[in-house]
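Step one of this worksheet: look at the structure below.
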Amino acid sequence: MIDTRLFTRRLADLIAQPSVSCTSPQLDMSNRNVVELLAEWLAAKQFQVEFQELPDNKANLIATRGSGPGGLVLSGHTDTVPCNPDRWEQDPFTLSSRDNRFYGLGATDMKGFFPVVLAALDRLDEHLDKLQQPVIVLATADEESSMSGARALVKAGLPKARYAVIGEPTCMHPIRMHKGIMMEAIRIQGLAGHSSNPALGHNAMESMHAVLGELLKFRSEIQAKYSNQGFAIPFPTLNPGYIHGGDNPNRICGHCEMHFDLRPLPGMDIGDLHHQLEQRLTPIGDAHNTPLTLENLIGGIDAYEQSADSELVLLAEKLTGFKSESVAFATEAPFLQKLGMQTLVMGPGSIDQAHQPNEYMAHEQVAPAVDVIANLITQLCLQTTSAA
């Protein structure tokens, strides 16, 4: 059984702590109140808590109970995206429980995962002093923007465990693959002049026209070369999403800028992709006397794939009754995988409710999630035999 009142109070307390992360400094916030609250709850359960300090008064939390060479990481990010309170039916930072749903910013993406983990630990309280392998609760910063929290973990080589489950909202379907993401800016410097005489300048917008053509050609080539039928969209995508150039119809365009994203499949290296694009696009700028730069807007996130026959995937499929799948959105999974852990993405709530007004988690998602997390801890940390 779940203590519904305690679960609701914990979720309400987390949602009441604003922790927006955003590339815009005006909207960006610290996550300290969230990780400190989690640390307080976990310390009361005899977890050893450690803060990994990050810039801008942010931190990761690594809370550990038990010891051993294996163990299970239960990971979630503590930040949310920005919101538009005027488009919500209630205060985004006040939990509302109605229509069999928990409403609030982060209810599903993904503060709601932490009360699920705590409820699973509540259920196992009398057994936790018999842990054969450690349980590690990991709470990260800035997943919704720079992934600085996950990047800092990789740099530090922490935490150490055999398995990791990231509780992103998947309706408790095990996710073993997702695409990566690159966000790039192309900036072309032209030379402005009077539009009545094109010889007076170098039109950056005309250069961008040639660049866009080459970019779409590159997209066609990689889509013909790479395919993975495990994804709903089985090829890599490239989307030109923003363009701006010039300032007036009667002036030669002196500067033009375009932003695009590229979502590679597992096996495609984002560093190599950036280099290929640079090699193809830079000569276009040179040929038009309009110097061109290609820059990362954010640090790239690798595509992720966990083997279908790995122990963690097979166990999650057994416990949930769902076959493992892929998703289109990116997570911290490739970072935890770099730490040597079998990694799976699986949590309560639906991604369809994330990043929009009136975000919610259905009440019916809670109990199955607690059951699965409690069983994962039991089989991977309390028992001495193999999980699958």
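Letters A, B, ... go to the chains of the structure tokens in the order shown; residues in each chain start at 1; ligands are counted from 1 in the same order.
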
Please identify all polymer residues within 8 Å of Glu278 (chain A), counting only C-alpha atoms, omitting same-chain residues fewer than 4 positions from it, and present them as a list in words. His274, Thr282, Thr293 and Leu294 of chain A

Just asking: which residues within region 117-265 of chain A are strand (DSSP E) according to DSSP, as a ChimeraX atom specification? /A:135-140,163-166,175-178,182-189,237-245,255-263

For Ser350 (chain A), which of A:Gly167, A:Pro291, A:Pro334, A:Gly230 is the closest residue, counting only C-alpha atoms?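 Among the listed residues, A:Gly167 lies closest to Ser350 (chain A).
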
Which of region 157-379 of chain A fall in alpha helix (DSSP H), as a VMD selection string: chain A and resid 204 to 225 270 to 287 311 to 320 333 to 338 366 to 377

Please provide as a list of chain:residue names all residues within 12 Å of Asp286 (chain A), with the sequence filter that same-chain residues fewer than 5 positions apart are discarded (counting only C-alpha atoms).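 These residues fall inside the cut-off: A:Ile188, A:Gln189, A:Gly190, A:His202, A:Ala204, A:Ser207, A:Ala210, A:Val211, A:Gln279, A:Arg280, A:Leu281, A:Pro291, A:Leu292, A:Thr293.
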
Export, as a PDB file, in the first residue's frame, the selected residues with C-alpha atoms.
```pdb
ATOM      1  CA  ILE A 188      27.330  34.587 -42.278  1.00  0.00           C
ATOM      2  CA  GLN A 189      29.021  37.973 -42.344  1.00  0.00           C
ATOM      3  CA  GLY A 190      28.319  39.931 -45.520  1.00  0.00           C
ATOM      4  CA  HIS A 202      28.293  40.996 -50.443  1.00  0.00           C
ATOM      5  CA  ALA A 204      24.820  37.377 -46.724  1.00  0.00           C
ATOM      6  CA  SER A 207      25.053  33.052 -49.356  1.00  0.00           C
ATOM      7  CA  ALA A 210      23.345  28.376 -51.019  1.00  0.00           C
ATOM      8  CA  VAL A 211      24.114  27.140 -47.505  1.00  0.00           C
ATOM      9  CA  GLN A 279      33.872  21.127 -44.184  1.00  0.00           C
ATOM     10  CA  ARG A 280      30.896  21.434 -46.535  1.00  0.00           C
ATOM     11  CA  LEU A 281      29.571  24.838 -45.547  1.00  0.00           C
ATOM     12  CA  PRO A 291      32.863  34.480 -43.975  1.00  0.00           C
ATOM     13  CA  LEU A 292      30.826  31.714 -42.343  1.00  0.00           C
ATOM     14  CA  THR A 293      30.964  30.146 -38.889  1.00  0.00           C
TER      15      THR A 293
END
```

Between A:Leu61, A:Met177, A:Val366, A:Leu72, which is the closest to Val345 (chain A) once you count only C-alpha atoms?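 Closest to Val345 (chain A), using only C-alpha atoms: A:Met177.
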
What's the 10 Å shell around Asp269 (chain A), counting only C-alpha atoms, without same-chain residues fewer than 6 positions away, as a ChimeraX atom specification? /A:180,302-303

Near-Leu74 (chain A) list (10 Å; only C-alpha atoms; drop same-chain fewer than 5 positions) as a short mmCIF file (atom, residue, chain, number, x, y, z; two decimals) with C-alpha atoms, in the first residue's frame:
```cif
data_model
loop_
_atom_site.label_atom_id
_atom_site.label_comp_id
_atom_site.auth_asym_id
_atom_site.auth_seq_id
_atom_site.Cartn_x
_atom_site.Cartn_y
_atom_site.Cartn_z
CA ALA A 63 22.37 9.99 -1.90
CA PHE A 113 9.48 10.52 -9.88
CA PHE A 114 11.09 11.35 -6.53
CA VAL A 117 11.12 6.45 -5.27
CA VAL A 135 20.71 2.08 -3.67
CA ILE A 136 21.68 5.50 -5.02
CA VAL A 137 19.19 8.31 -5.53
CA LEU A 138 20.58 10.83 -7.99
CA ALA A 139 19.02 14.27 -8.49
CA TYR A 163 22.44 -0.24 -13.19
CA ALA A 164 20.68 3.11 -13.66
CA VAL A 165 17.02 3.92 -14.19
CA ILE A 166 16.12 7.45 -15.24
CA GLY A 167 12.53 8.21 -14.31
CA ILE A 373 10.75 0.58 -8.40
CA LEU A 376 13.93 -3.29 -8.93
CA ILE A 377 15.49 -2.42 -5.56
#
```

Show me, as a PyMOL selection string, the residues that have an atom within 12 Å of Ser220 (chain A) when counting only C-alpha atoms, minus same-chain residues fewer than 5 positions from it. chain A and resi 213-215+225-226+235-239

Writing out the chosen residues with C-alpha atoms as a short mmCIF file (atom, residue, chain, number, x, y, z; two decimals), in the first residue's frame:
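again.cif, freshly written:
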```cif
data_model
loop_
_atom_site.label_atom_id
_atom_site.label_comp_id
_atom_site.auth_asym_id
_atom_site.auth_seq_id
_atom_site.Cartn_x
_atom_site.Cartn_y
_atom_site.Cartn_z
CA GLY A 213 20.60 24.09 -50.20
CA GLU A 214 23.77 22.30 -49.12
CA LEU A 215 22.30 21.63 -45.67
CA LYS A 225 22.77 6.24 -45.34
CA TYR A 226 21.41 5.71 -41.81
CA PHE A 235 16.08 8.12 -40.01
CA PRO A 236 18.03 11.09 -38.61
CA THR A 237 16.20 14.41 -38.87
CA LEU A 238 17.51 17.89 -39.57
CA ASN A 239 15.24 20.88 -39.06
#
```

What is the CA of Phe335 (chain A) to CA of Pro159 (chain A) distance in Å?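 CA of Pro159 (chain A) lies 11.1 Å from CA of Phe335 (chain A).
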
Need to verify the contact set: Arg9 (chain A), 12 Å, only C-alpha atoms, exclusion of same-chain residues closer than 6 positions in sequence. Can you return it as a ChimeraX atom specification? /A:3,15-16,94-97,102,112,115,118-119

Which residues of region 235-313 of chain A sit at most 12 Å from region 21-42 of chain A, using only C-alpha atoms? Give each one's shortest atom pair and distance in Å (one decimal place), in chain and ascending residue order, as JSON lines.
```
{"residue": "A:Leu297", "atom": "CA", "partner": "A:Thr23", "partner_atom": "CA", "distance": 9.8}
{"residue": "A:Ile298", "atom": "CA", "partner": "A:Thr23", "partner_atom": "CA", "distance": 9.1}
{"residue": "A:Gly299", "atom": "CA", "partner": "A:Thr23", "partner_atom": "CA", "distance": 12.0}
```

Output of the above residues as a compact mmCIF listing (two decimals), in the first residue's frame, restricted to N, CA and C atoms:
```txt
# COMPACT_ATOMS: atom_id res chain seq x y z
N LEU A 297 25.05 25.66 -30.41
CA LEU A 297 24.22 26.47 -29.52
C LEU A 297 24.18 25.87 -28.12
N ILE A 298 24.20 24.56 -28.05
CA ILE A 298 24.31 23.85 -26.76
C ILE A 298 25.29 22.70 -26.96
N GLY A 299 25.80 22.18 -25.88
CA GLY A 299 26.62 20.99 -25.99
C GLY A 299 25.78 19.84 -26.53
```

Could you check the closest approach to Glu295 (chain A) for each of A:Leu336, A:Arg187, A:Ser195, A:Ile270 and tell me which residue wins, using only C-alpha atoms?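 Smallest separation from Glu295 (chain A) among the options: A:Arg187.
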
From CA of Val372 (chain A) to CA of Phe47 (chain A) the spacing works out at 20.8 Å

Could you state the separation of CA of Gln306 (chain A) and CA of Pro174 (chain A) in Å, given to one decimal place?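 So the answer is 10.7 Å.
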
Hey, which bits of region 105-174 of chain A sit within 9 Å of region 319-332 of chain A, and for each residue what's the closest pair of atoms and how far apart in Å (one decimal), counting only C-alpha atoms, rows by chain and increasing number, as JSON lines?
```
{"residue": "A:Glu143", "atom": "CA", "partner": "A:Glu332", "partner_atom": "CA", "distance": 7.2}
{"residue": "A:Met147", "atom": "CA", "partner": "A:Glu332", "partner_atom": "CA", "distance": 7.4}
{"residue": "A:Ala150", "atom": "CA", "partner": "A:Glu332", "partner_atom": "CA", "distance": 6.4}
{"residue": "A:Arg151", "atom": "CA", "partner": "A:Glu332", "partner_atom": "CA", "distance": 9.0}
{"residue": "A:Ile166", "atom": "CA", "partner": "A:Glu332", "partner_atom": "CA", "distance": 7.7}
{"residue": "A:Glu168", "atom": "CA", "partner": "A:Thr331", "partner_atom": "CA", "distance": 7.9}
{"residue": "A:Thr170", "atom": "CA", "partner": "A:Val327", "partner_atom": "CA", "distance": 8.8}
{"residue": "A:Met172", "atom": "CA", "partner": "A:Thr320", "partner_atom": "CA", "distance": 7.1}
{"residue": "A:His173", "atom": "CA", "partner": "A:Phe322", "partner_atom": "CA", "distance": 5.9}
{"residue": "A:Pro174", "atom": "CA", "partner": "A:Ser324", "partner_atom": "CA", "distance": 4.7}
```
